[in-house]
file input.txt (compact mmCIF, C-alpha atoms and all ligand atoms)
# COMPACT_ATOMS: atom_id res chain seq x y z
CA MET N 113 38.50 209.26 316.87
CA LEU N 114 35.58 207.06 315.83
CA GLU N 115 31.97 207.99 315.24
CA ASN N 116 29.85 205.36 317.01
CA TYR N 117 26.08 204.99 317.33
CA THR N 118 24.02 203.23 319.97
CA VAL N 119 20.55 202.05 318.93
CA TYR N 120 17.86 201.14 321.49
CA SER N 121 15.00 198.72 320.95
CA THR N 122 11.77 200.32 319.73
CA LYS N 123 8.32 198.89 318.96
CA ASN N 124 5.44 200.01 316.83
CA LEU N 125 7.13 201.77 313.90
CA SER N 126 4.83 203.63 311.59
CA GLY N 127 5.10 206.43 309.09
CA GLU N 128 5.99 207.46 305.56
CA ILE N 129 9.55 208.20 304.51
CA SER N 130 11.53 208.90 301.35
CA VAL N 131 15.04 207.57 300.98
CA PRO N 132 17.75 209.47 299.02
CA GLY N 133 18.36 208.98 295.30
CA ASP N 134 19.75 205.73 293.89
CA LYS N 135 23.55 205.52 294.08
CA SER N 136 24.09 203.54 290.87
CA ILE N 137 21.77 205.78 288.85
CA SER N 138 23.29 208.97 290.31
CA HIS N 139 26.81 207.94 289.23
CA ARG N 140 25.63 206.93 285.78
CA SER N 141 23.49 210.05 285.24
CA LEU N 142 26.48 212.34 285.81
CA ILE N 143 28.90 210.23 283.77
CA LEU N 144 26.61 209.79 280.78
CA LEU N 145 25.33 213.39 280.73
CA SER N 146 28.96 214.58 280.89
CA ILE N 147 29.69 212.92 277.53
CA SER N 148 26.34 213.93 276.01
CA THR N 149 25.68 216.85 273.71
CA GLY N 150 23.74 219.67 275.41
CA LYS N 151 22.72 220.67 278.91
CA ALA N 152 20.47 218.64 281.22
CA LYS N 153 19.37 218.44 284.85
CA VAL N 154 19.73 215.59 287.30
CA GLU N 155 17.03 215.76 289.99
CA ASN N 156 17.10 213.86 293.29
CA PHE N 157 20.83 213.21 292.87
CA LEU N 158 22.35 211.27 295.77
CA GLU N 159 24.58 213.76 297.61
CA SER N 160 26.76 211.08 299.20
CA ASP N 161 30.54 210.79 299.38
CA ASP N 162 30.68 208.17 296.60
CA CYS N 163 28.61 210.16 294.10
CA LYS N 164 30.42 213.39 295.01
CA ALA N 165 33.70 211.61 294.16
CA THR N 166 32.36 210.88 290.66
CA CYS N 167 31.21 214.50 290.33
CA ASN N 168 34.63 215.88 291.39
CA ILE N 169 36.41 213.65 288.89
CA LEU N 170 34.16 214.70 286.01
CA GLN N 171 34.78 218.35 286.95
CA LYS N 172 38.55 217.67 286.89
CA LEU N 173 38.01 216.30 283.39
CA GLY N 174 36.64 219.69 282.34
CA VAL N 175 32.89 219.08 282.65
CA LYS N 176 30.83 221.94 284.09
CA ILE N 177 28.46 220.57 286.72
CA TYR N 178 26.52 223.09 288.85
CA LYS N 179 24.37 222.58 291.90
CA ASP N 180 21.02 224.33 291.27
CA SER N 181 19.41 223.52 294.61
CA ASN N 182 19.46 220.63 297.07
CA TYR N 183 19.84 217.38 295.12
CA ALA N 184 19.45 219.14 291.73
CA TYR N 185 22.40 219.57 289.37
CA THR N 186 22.91 220.82 285.82
CA VAL N 187 25.45 219.03 283.67
CA GLU N 188 26.85 220.76 280.59
CA GLY N 189 27.77 217.83 278.38
CA VAL N 190 31.05 218.10 276.47
CA GLY N 191 30.20 215.40 273.90
CA LEU N 192 31.83 212.00 273.44
CA ASN N 193 35.27 213.46 272.70
CA GLY N 194 35.24 216.63 274.78
CA LEU N 195 36.83 215.52 278.08
CA LYS N 196 40.07 217.34 278.98
CA ALA N 197 43.29 215.95 280.49
CA PRO N 198 43.13 216.21 284.30
CA LYS N 199 45.90 218.14 286.07
CA GLU N 200 46.00 215.76 289.05
CA ASN N 201 45.22 212.20 290.19
CA LEU N 202 41.57 211.22 290.07
CA ASP N 203 40.43 210.28 293.59
CA CYS N 204 37.59 207.72 293.70
CA GLU N 205 37.75 207.68 297.55
CA ASN N 206 35.75 204.59 298.70
CA SER N 207 33.76 204.17 295.49
CA GLY N 208 34.21 201.02 293.42
CA THR N 209 31.54 202.21 291.00
CA SER N 210 33.44 205.45 290.26
CA MET N 211 36.72 203.60 289.76
CA ARG N 212 35.42 200.78 287.59
CA LEU N 213 33.03 202.77 285.40
CA LEU N 214 35.40 205.68 284.87
CA SER N 215 38.23 203.29 283.95
CA GLY N 216 36.11 202.19 280.99
CA LEU N 217 35.47 205.77 279.91
CA LEU N 218 39.04 206.97 280.46
CA SER N 219 40.52 204.07 278.48
CA ALA N 220 39.11 205.72 275.34
CA GLN N 221 40.64 209.15 275.92
CA ILE N 222 43.66 210.69 274.19
CA PHE N 223 45.20 211.69 277.54
CA PRO N 224 46.58 209.61 280.45
CA SER N 225 44.79 209.27 283.81
CA PHE N 226 45.77 207.99 287.23
CA LEU N 227 42.94 206.67 289.40
CA VAL N 228 43.41 206.34 293.15
CA GLY N 229 41.16 205.64 296.15
CA ASP N 230 41.18 205.06 299.90
CA ASN N 231 42.81 202.06 301.65
CA SER N 232 39.71 199.92 301.33
CA LEU N 233 39.27 200.60 297.61
CA HIS N 234 42.97 199.84 297.02
CA LYS N 235 42.32 196.32 298.33
CA ARG N 236 39.51 195.51 295.88
CA PRO N 237 40.09 193.52 292.67
CA MET N 238 40.51 195.56 289.50
CA ASP N 239 41.74 192.84 287.12
CA ARG N 240 38.08 192.05 286.50
CA ILE N 241 37.83 195.32 284.53
CA ALA N 242 41.41 195.45 283.24
CA ILE N 243 41.14 192.07 281.46
CA PRO N 244 38.21 192.91 279.13
CA LEU N 245 39.25 196.55 278.67
CA ILE N 246 42.79 195.50 277.63
CA LYS N 247 41.24 193.02 275.16
CA MET N 248 39.55 196.05 273.58
CA GLY N 249 42.87 197.87 273.18
CA ALA N 250 42.99 199.81 276.47
CA VAL N 251 46.41 200.47 277.99
CA ILE N 252 46.01 199.84 281.73
CA LYS N 253 48.48 199.14 284.50
CA LEU N 254 47.42 197.92 287.94
CA SER N 255 49.43 197.34 291.12
CA ASP N 256 51.26 194.02 291.57
CA LYS N 257 48.21 192.78 293.47
CA ASN N 258 45.85 193.62 290.56
CA THR N 259 44.36 196.50 292.51
CA ALA N 260 44.37 200.32 292.32
CA PRO N 261 46.09 202.67 291.69
CA ILE N 262 45.13 202.36 288.04
CA LYS N 263 47.31 203.96 285.42
CA ILE N 264 45.57 204.44 282.08
CA SER N 265 47.53 205.55 279.01
CA PRO N 266 46.11 206.63 275.66
CA SER N 267 45.31 203.71 273.35
CA LYS N 268 46.10 203.58 269.62
CA LYS N 269 42.78 201.96 268.77
CA ILE N 270 39.71 200.71 270.65
CA ILE N 271 38.23 197.62 269.06
CA SER N 272 34.85 195.99 269.66
CA ILE N 273 34.52 192.93 271.87
CA GLU N 274 32.37 189.81 272.24
CA TYR N 275 32.61 189.08 275.91
CA ASN N 276 31.13 186.37 278.13
CA MET N 277 31.04 187.73 281.65
CA GLU N 278 32.88 185.48 284.11
CA ILE N 279 31.41 187.05 287.23
CA ASP N 280 28.04 188.71 287.77
CA SER N 281 29.05 192.37 287.99
CA ALA N 282 27.24 195.45 286.74
CA GLN N 283 30.37 197.52 287.32
CA VAL N 284 32.43 195.33 285.00
CA LYS N 285 29.63 195.24 282.42
CA SER N 286 29.27 199.04 282.58
CA ALA N 287 33.03 199.62 282.21
CA ILE N 288 32.95 197.52 279.01
CA ILE N 289 29.83 199.33 277.73
CA LEU N 290 31.45 202.73 278.30
CA LEU N 291 34.53 201.74 276.32
CA ALA N 292 32.36 200.04 273.67
CA LEU N 293 30.81 203.47 272.94
CA TYR N 294 34.21 204.38 271.42
CA ALA N 295 34.97 201.08 269.64
CA LEU N 296 35.21 200.41 265.93
CA GLY N 297 32.12 198.25 265.42
CA LYS N 298 29.44 196.62 267.54
CA SER N 299 30.23 194.95 270.85
CA LYS N 300 28.39 192.05 272.47
CA ILE N 301 28.32 191.24 276.18
CA THR N 302 26.69 188.08 277.53
CA GLU N 303 25.90 187.72 281.23
CA LYS N 304 25.34 184.48 283.17
CA GLN N 305 22.84 186.23 285.43
CA LYS N 306 21.37 189.61 284.51
CA THR N 307 22.82 192.38 286.66
CA ARG N 308 21.53 195.93 287.18
CA ASP N 309 20.99 197.53 283.79
CA HIS N 310 20.91 201.26 284.59
CA THR N 311 23.79 202.05 282.20
CA GLU N 312 21.89 200.42 279.34
CA ASN N 313 18.59 202.11 280.29
CA ILE N 314 20.09 205.60 280.47
CA LEU N 315 22.03 205.12 277.22
CA LYS N 316 18.83 204.09 275.46
CA TYR N 317 17.05 207.12 276.98
CA LEU N 318 19.81 209.35 275.56
CA GLY N 319 19.31 207.90 272.07
CA VAL N 320 21.97 205.18 271.85
CA ASP N 321 21.28 202.00 269.83
CA ILE N 322 21.74 199.39 272.54
CA THR N 323 19.68 196.22 272.36
CA LYS N 324 19.09 193.29 274.69
CA LYS N 325 18.23 189.73 273.71
CA GLU N 326 17.88 187.55 276.78
CA ASN N 327 21.26 187.83 278.53
CA THR N 328 23.14 189.34 275.56
CA LEU N 329 23.62 193.03 275.04
CA ILE N 330 24.62 194.61 271.71
CA ILE N 331 26.14 198.08 271.74
CA ASN N 332 26.34 200.05 268.50
CA PRO N 333 28.82 202.93 268.96
CA PRO N 334 26.83 206.18 268.68
CA LYS N 335 27.82 209.44 266.95
CA LYS N 336 26.52 211.26 270.02
CA LEU N 337 24.43 211.01 273.17
CA VAL N 338 21.60 213.57 273.36
CA SER N 339 21.27 215.26 276.79
CA LYS N 340 17.94 214.83 278.57
CA ASP N 341 16.83 215.56 282.15
CA ILE N 342 16.93 212.61 284.56
CA THR N 343 15.05 212.22 287.85
CA VAL N 344 16.81 209.69 290.05
CA PRO N 345 14.39 207.37 291.91
CA GLY N 346 14.89 206.54 295.61
CA ASP N 347 17.52 203.88 296.21
CA ILE N 348 15.95 200.46 296.79
CA SER N 349 19.17 199.33 298.49
CA SER N 350 18.66 202.11 301.07
CA ALA N 351 14.91 201.45 301.31
CA MET N 352 15.66 197.80 302.20
CA PHE N 353 16.94 198.79 305.66
CA PHE N 354 13.58 200.36 306.52
CA ILE N 355 11.61 197.59 304.81
CA VAL N 356 13.29 195.07 307.11
CA ALA N 357 12.78 197.41 310.10
CA GLY N 358 9.03 197.32 309.36
CA LEU N 359 9.00 193.52 309.00
CA ILE N 360 10.89 192.57 312.16
CA THR N 361 9.26 194.97 314.67
CA LYS N 362 5.84 194.28 316.18
CA GLU N 363 2.75 196.31 315.17
CA SER N 364 4.60 198.23 312.48
CA LYS N 365 3.83 199.60 309.04
CA ILE N 366 6.31 201.73 307.07
CA LYS N 367 5.71 203.25 303.66
CA ILE N 368 8.71 204.24 301.53
CA LYS N 369 7.80 206.54 298.68
CA ASN N 370 9.17 206.80 295.13
CA VAL N 371 11.64 203.95 295.21
CA GLY N 372 13.34 202.62 292.06
CA LEU N 373 11.80 199.25 291.14
CA ASN N 374 14.01 198.19 288.25
CA PRO N 375 13.48 194.40 287.87
CA THR N 376 17.25 193.83 288.15
CA ARG N 377 17.24 195.42 291.60
CA ILE N 378 14.31 193.78 293.37
CA GLY N 379 15.89 190.41 294.16
CA GLY N 380 16.00 191.43 297.83
CA ILE N 381 12.23 191.98 297.90
CA GLU N 382 11.67 188.58 296.26
CA ILE N 383 13.87 186.89 298.88
CA LEU N 384 12.03 188.60 301.76
CA LYS N 385 8.67 187.63 300.24
CA MET N 386 9.83 184.00 300.11
CA MET N 387 10.57 184.34 303.82
CA GLY N 388 6.96 185.37 304.39
CA ALA N 389 7.37 189.15 304.36
CA ASN N 390 4.28 191.30 304.25
CA ILE N 391 5.34 193.75 301.49
CA GLU N 392 3.04 195.65 299.16
CA ILE N 393 4.31 197.43 296.05
CA ILE N 394 2.40 200.19 294.30
CA TYR N 395 3.90 200.85 290.87
CA LYS N 396 3.64 204.39 289.41
CA GLU N 397 3.52 205.54 285.82
CA LYS N 398 7.01 205.23 284.26
CA LYS N 399 8.30 208.69 283.27
CA GLY N 400 12.09 208.39 282.89
CA PRO N 401 14.42 205.48 282.18
CA GLU N 402 13.44 203.54 285.34
CA GLU N 403 10.37 202.00 287.08
CA VAL N 404 9.31 203.77 290.30
CA GLY N 405 6.75 203.04 293.04
CA ASP N 406 5.91 203.02 296.75
CA ILE N 407 6.69 200.11 299.07
CA ILE N 408 4.74 199.28 302.23
CA ALA N 409 6.32 196.88 304.73
CA SER N 410 4.35 195.60 307.74
CA SER N 411 5.19 193.34 310.71
CA SER N 412 5.68 189.75 309.56
CA ASN N 413 6.47 186.30 310.91
CA LEU N 414 9.55 185.51 308.84
CA LYS N 415 10.76 181.97 308.26
CA GLY N 416 14.17 180.69 307.18
CA ILE N 417 14.70 179.64 303.56
CA ILE N 418 17.36 178.41 301.14
CA ILE N 419 18.07 181.55 299.10
CA PRO N 420 17.72 180.71 295.38
CA LYS N 421 20.93 181.21 293.43
CA GLU N 422 19.18 183.14 290.65
CA TYR N 423 18.16 185.94 293.05
CA ILE N 424 21.69 186.69 294.25
CA ALA N 425 22.90 189.08 291.51
CA ASN N 426 19.75 191.18 291.83
CA ALA N 427 20.05 191.41 295.60
CA ILE N 428 23.84 191.72 295.82
CA ASP N 429 23.92 194.84 298.03
CA GLU N 430 21.05 193.71 300.23
CA PHE N 431 22.64 190.69 301.96
CA PRO N 432 23.78 192.44 305.15
CA ILE N 433 20.18 193.44 305.90
CA ILE N 434 18.67 190.20 304.52
CA LEU N 435 20.92 188.30 306.95
CA ILE N 436 19.54 190.42 309.81
CA ALA N 437 16.04 189.43 308.64
CA ALA N 438 17.25 185.79 308.64
CA ALA N 439 18.47 186.22 312.23
CA CYS N 440 14.92 187.31 313.19
CA ALA N 441 13.26 184.48 311.25
CA SER N 442 12.26 181.09 312.61
CA GLY N 443 14.50 178.25 311.45
CA LYS N 444 17.57 178.17 309.26
CA THR N 445 18.44 180.40 306.29
CA THR N 446 21.11 179.22 303.86
CA LEU N 447 23.03 181.41 301.45
CA VAL N 448 25.51 179.81 299.02
CA ASN N 449 27.06 180.85 295.69
CA ALA N 450 27.66 184.31 297.09
CA LYS N 451 31.48 184.56 297.16
CA GLU N 452 31.24 188.05 295.57
CA LEU N 453 30.18 189.31 299.00
CA ARG N 454 33.78 188.83 300.11
CA PHE N 455 34.92 191.56 297.66
CA LYS N 456 32.65 194.45 298.67
CA GLU N 457 33.55 197.43 300.88
CA SER N 458 34.40 194.72 303.44
CA ASP N 459 34.34 190.94 303.38
CA ARG N 460 30.62 190.99 304.06
CA LEU N 461 30.29 187.27 304.80
CA LEU N 462 32.94 187.50 307.51
CA ALA N 463 31.70 190.84 308.88
CA MET N 464 28.12 189.52 309.17
CA SER N 465 29.19 186.21 310.69
CA LYS N 466 31.28 187.91 313.38
CA GLY N 467 28.68 190.60 314.08
CA LEU N 468 25.86 188.05 314.37
CA LYS N 469 27.96 185.92 316.74
CA ASN N 470 28.41 189.03 318.92
CA CYS N 471 24.61 189.29 318.95
CA LYS N 472 24.33 185.62 320.05
CA ILE N 473 22.94 184.48 316.69
CA LYS N 474 24.32 181.07 315.75
CA ASN N 475 25.73 180.90 312.23
CA ASN N 476 28.16 178.87 310.13
CA LEU N 477 30.43 180.78 307.77
CA ARG N 478 31.21 179.02 304.48
CA ASP N 479 33.63 179.93 301.72
CA ASP N 480 30.82 181.16 299.46
CA GLY N 481 28.01 181.83 301.90
CA ILE N 482 26.60 181.50 305.39
CA GLU N 483 23.98 179.53 307.33
CA ILE N 484 22.01 181.47 309.92
CA PHE N 485 19.86 180.02 312.71
CA GLY N 486 17.14 182.49 313.65
CA GLY N 487 16.91 183.44 317.33
CA LYS N 488 16.84 186.33 319.78
CA ILE N 489 19.21 189.14 318.82
CA HIS N 490 21.19 190.45 321.80
CA GLY N 491 22.83 193.86 321.93
CA GLY N 492 26.59 194.22 321.84
CA ASN N 493 29.46 196.10 320.28
CA ILE N 494 29.59 195.62 316.52
CA ASP N 495 32.49 196.48 314.22
CA SER N 496 31.27 197.96 310.92
CA TYR N 497 34.58 196.97 309.26
CA ASP N 498 34.35 200.47 307.76
CA ASP N 499 31.48 199.26 305.57
CA HIS N 500 28.31 201.39 305.32
CA ARG N 501 25.94 198.49 304.75
CA ILE N 502 27.28 196.48 307.71
CA ALA N 503 26.87 199.56 309.93
CA MET N 504 23.28 200.15 308.76
CA ALA N 505 22.28 196.47 308.95
CA PHE N 506 23.32 196.17 312.62
CA SER N 507 21.71 199.53 313.41
CA ILE N 508 18.41 198.01 312.26
CA ALA N 509 19.14 194.89 314.33
CA GLY N 510 19.40 197.23 317.34
CA ILE N 511 15.70 198.08 317.00
CA VAL N 512 14.78 194.54 318.09
CA SER N 513 17.75 193.62 320.26
CA GLU N 514 17.66 192.71 323.91
CA GLY N 515 19.96 195.39 325.33
CA SER N 516 21.31 198.26 323.29
CA MET N 517 23.37 197.76 320.12
CA LYS N 518 26.51 199.84 319.68
CA ILE N 519 27.84 200.13 316.15
CA LEU N 520 31.48 201.18 315.93
CA ASN N 521 32.74 203.33 313.07
CA THR N 522 29.60 204.52 311.33
CA LYS N 523 31.07 207.44 309.39
CA ASN N 524 31.16 205.33 306.22
CA ILE N 525 27.34 205.51 306.08
CA SER N 526 27.80 208.89 304.35
CA THR N 527 29.10 207.03 301.25
CA SER N 528 25.54 205.96 300.39
CA PHE N 529 22.92 207.16 302.88
CA PRO N 530 23.93 210.40 304.65
CA ASN N 531 20.59 210.94 306.48
CA PHE N 532 20.15 207.32 307.63
CA TYR N 533 20.10 208.10 311.38
CA ASP N 534 17.85 211.15 310.85
CA LEU N 535 15.27 208.87 309.22
CA MET N 536 15.67 206.38 312.09
CA SER N 537 14.91 209.21 314.55
CA ASN N 538 11.97 210.44 312.44
CA LEU N 539 10.41 207.00 312.83
CA GLY N 540 10.80 207.26 316.60
CA ILE N 541 13.82 204.95 316.89
CA LYS N 542 16.12 206.04 319.70
CA CYS N 543 19.74 206.32 318.54
CA GLU N 544 22.64 208.25 320.07
CA LYS N 545 25.84 209.39 318.41
CA LYS N 546 29.16 209.46 320.31
CA ILE N 547 32.59 210.47 319.09
CA GLU N 548 35.06 208.26 320.93
CA SER N 549 38.71 207.30 320.73
C1 LIG K 1 27.09 198.54 291.41
C2 LIG K 1 27.24 197.20 291.18
C3 LIG K 1 27.46 196.20 292.24
C4 LIG K 1 27.08 196.75 293.60
C5 LIG K 1 27.62 198.14 293.82
C6 LIG K 1 27.08 199.10 292.77
C7 LIG K 1 26.91 199.45 290.27
O1 LIG K 1 28.85 195.86 292.28
O2 LIG K 1 27.54 195.89 294.61
O3 LIG K 1 27.24 198.61 295.11
O4 LIG K 1 26.55 200.62 290.47
O5 LIG K 1 27.13 198.99 289.14
P1 LIG K 1 29.47 194.69 291.37
O6 LIG K 1 29.46 195.12 289.99
O7 LIG K 1 30.86 194.51 291.91
O8 LIG K 1 28.60 193.49 291.65

call {"tool": "encode", "arguments": {"input": "input.txt", "output": "C-alpha cells"}}
result
Amino acid sequence: MLENYTVYSTKNLSGEISVPGDKSISHRSLILLSISTGKAKVENFLESDDCKATCNILQKLGVKIYKDSNYAYTVEGVGLNGLKAPKENLDCENSGTSMRLLSGLLSAQIFPSFLVGDNSLHKRPMDRIAIPLIKMGAVIKLSDKNTAPIKISPSKKIISIEYNMEIDSAQVKSAIILLALYALGKSKITEKQKTRDHTENILKYLGVDITKKENTLIINPPKKLVSKDITVPGDISSAMFFIVAGLITKESKIKIKNVGLNPTRIGGIEILKMMGANIEIIYKEKKGPEEVGDIIASSSNLKGIIIPKEYIANAIDEFPIILIAAACASGKTTLVNAKELRFKESDRLLAMSKGLKNCKIKNNLRDDGIEIFGGKIHGGNIDSYDDHRIAMAFSIAGIVSEGSMKILNTKNISTSFPNFYDLMSNLGIKCEKKIES
C-alpha cells in the first residue's frame, strides 16, 4: 500500500508559519550532548524518523535521553568514554547523517558495533567515510559494494589526521571530527568548499578548542565536553519549500519564523535571489551556537540563471525545490558540477528530470547537472523515488500546476518534515491523502 497525495492549484498564499527544527542540528545536538559531561536540554528537536533513529541508537549505547514535552528532550551525557556496548545492531533506517556521523564516533569505542539501515541507505556510498577513518586507525568493514552494513571493531590506537576533503560533504567532515576528538594530537581538515559547520559550532559552544582558518579546521582533542542547553532553530531546508511556494504563486506573501540562517546553509536563498526572488531576511539576536531569523517570501517574476558552482555545497539539499523554481522561471536555468545529487536519498538529478518531464517541463539531464527550460507546469503522476525532498518539491509544484498533481509514495516525508501537509493546509492549499495499492 502506498501513501499518495494530490495537490490542487491555489492562489494568493499568505500567512505566518514555523517549520520544525533543523535536522542536521538535531542529530548533532543529541550526539554531542550524549558524550558531554552533565545534563542538558534540547529544545525544538526535530521529531522526525531520521532524528529518532539517532536517538534510539544513542539510547542503545546506554545514554539516557528523556522526552520532557513536545520537541523538548533532556540528555544525560555519559562523557567522552562512557558509551556502553550495544546488545543489538544499530539501525540508522533511512538516515545517512546518523550512519556517517555515528561511524566516526563508534570507531573510537572499545566495543564493536554493527550499523544497518533500510534498502535505500544500503545503496549509498560509505567508502567516503571509511577511507579517512581507517587512515586514523579505525577498524571498519563495508559490504563488497562499499556500502552498509558497516562493521566497526575496536581500534588499538586512534591517530590524528591531516586530511584534504575530496568531496564537499559535511557528513564526511563530521565523521572525521568526531573521531578526531579521540585522537592522539591535533587533526586538520581542509575543505574545497565550506560545508555546513554545525558540528564545529556546537563543539565550540560545549567548550572544545576547534579553530577555523579559511577552509582549514584544527581540532584539539578535548578532555571533556561541557553540557549546555541547545535550542534548535527551524530547518532552512524545510523552510525553502514554503519560500518557493510564496515566490511562484500570484499575490502571495509568506513569513517563516525562527529559521536557522547559518551562512553555510543559505546558498539556496542566494540562488533564488539571483533568479530575482523577492525575499526579505530579518536576523535576530544570536543566543545559541547558530544564527536565527525570520524569512519573508513574496510573489516574484523569476528568471533562469547559470547556478554558480560556489553556491552548490551550501544549497545541496535545496536543489529539488530550486529546480521547481527554475521550471516556473522565464528562460533557461543551468546546474552543473552537482554530481553529488546522484548520491542522496534518490538520484535527485534523474528523479527531477523525469518528474519535470511528466509535468511537461523541457529539461536536459547531464552527468553532473541539468538544464531546465521554464514553462507552464502541468499536473500528472509523480514518483517520489522514496525521497522526501522529491515528494515535497513536486507537492509545491502542484500549487501552480494546470490540473492536479499526484505525488506517489509520500510516506518518506516523515524522515525530515512530518507536518509538511498540515502546514500546506494551514496556508489554504488543497491537498488530499489517499492510501492506495
Ligand atoms: C548533512 C549533510 C549533507 C546533506 C544531508 C545532511 C549533514 O550530506 O545532504 O541532508 O547533516 O551533515 P553530505 O554530507 O552527503 O553532502

call {"tool": "closest_atom_pairs", "arguments": {"input": "input.txt", "of": "chain N", "to": "ligand LIG 1 (chain K)", "cutoff": "8 Å", "atoms": "only C-alpha atoms and all ligand atoms", "output": "tab-separated table"}}
result
residue	atom	partner	partner_atom	distance
N:Lys135	CA	K:LIG1	O4	6.8
N:Ser136	CA	K:LIG1	O4	3.8
N:Ile137	CA	K:LIG1	O4	7.2
N:His139	CA	K:LIG1	O4	7.4
N:Arg140	CA	K:LIG1	O4	7.9
N:Gly208	CA	K:LIG1	C5	7.2
N:Thr209	CA	K:LIG1	O4	5.3
N:Leu213	CA	K:LIG1	O5	7.9
N:Asp280	CA	K:LIG1	O8	6.2
N:Ser281	CA	K:LIG1	O6	3.4
N:Ala282	CA	K:LIG1	O6	3.9
N:Gln283	CA	K:LIG1	O6	3.7
N:Val284	CA	K:LIG1	O6	5.8
N:Lys285	CA	K:LIG1	O6	7.6
N:Ser286	CA	K:LIG1	O5	6.9
N:Thr307	CA	K:LIG1	O8	7.7
N:Arg308	CA	K:LIG1	O5	6.7
N:Ala425	CA	K:LIG1	O8	7.2
N:Ile428	CA	K:LIG1	O2	5.7
N:Asp429	CA	K:LIG1	O2	5.1
N:Glu452	CA	K:LIG1	O8	7.2
N:Phe455	CA	K:LIG1	O7	7.6
N:Lys456	CA	K:LIG1	O2	6.7

call {"tool": "atom_distance", "arguments": {"input": "input.txt", "atom1": "CA of Asn470 (chain N)", "atom2": "CA of Ser207 (chain N)"}}
result
28.4 Å

call {"tool": "residues_near_point", "arguments": {"input": "input.txt", "point": "(11.9, 209.7, 302.1)", "cutoff": "12 Å", "atoms": "all atoms listed in the file", "output": "number ranges by chain"}}
result
N: 127-133, 156, 345-348, 350-351, 354, 366-371, 406-407, 529, 531-532, 534-536, 538-539

call {"tool": "closest_residue", "arguments": {"input": "input.txt", "among": "N:Glu402, N:Asp203, N:Asp495, N:Asp230", "to": "Leu468 (chain N)", "atoms": "all atoms listed in the file"}}
result
N:Asp495

call {"tool": "atom_distance", "arguments": {"input": "input.txt", "atom1": "CA of Leu359 (chain N)", "atom2": "CA of Ile408 (chain N)"}}
result
9.9 Å

call {"tool": "atom_distance", "arguments": {"input": "input.txt", "atom1": "CA of Gly358 (chain N)", "atom2": "CA of Arg454 (chain N)"}}
result
27.8 Å

call {"tool": "residues_around", "arguments": {"input": "input.txt", "residues": "region 274-276 of chain N", "least_positions_apart": "3", "cutoff": "6 Å", "atoms": "all atoms listed in the file", "output": "list in words"}}
result
Ser299, Lys300, Ile301 and Thr302 of chain N

call {"tool": "closest_residue", "arguments": {"input": "input.txt", "among": "N:Ser255, N:Asp498, N:Leu245, N:Ala260", "to": "Leu227 (chain N)", "atoms": "all atoms listed in the file"}}
result
N:Ala260

call {"tool": "residues_near_point", "arguments": {"input": "input.txt", "point": "(24.8, 181.5, 282.4)", "cutoff": "9 Å", "atoms": "all atoms listed in the file", "output": "MDAnalysis selection string"}}
result
chainID N and resid 277 302:305 327

call {"tool": "closest_residue", "arguments": {"input": "input.txt", "among": "N:Val448, N:Val404, N:Leu414, N:Leu373", "to": "Gly388 (chain N)", "atoms": "only C-alpha atoms"}}
result
N:Leu414
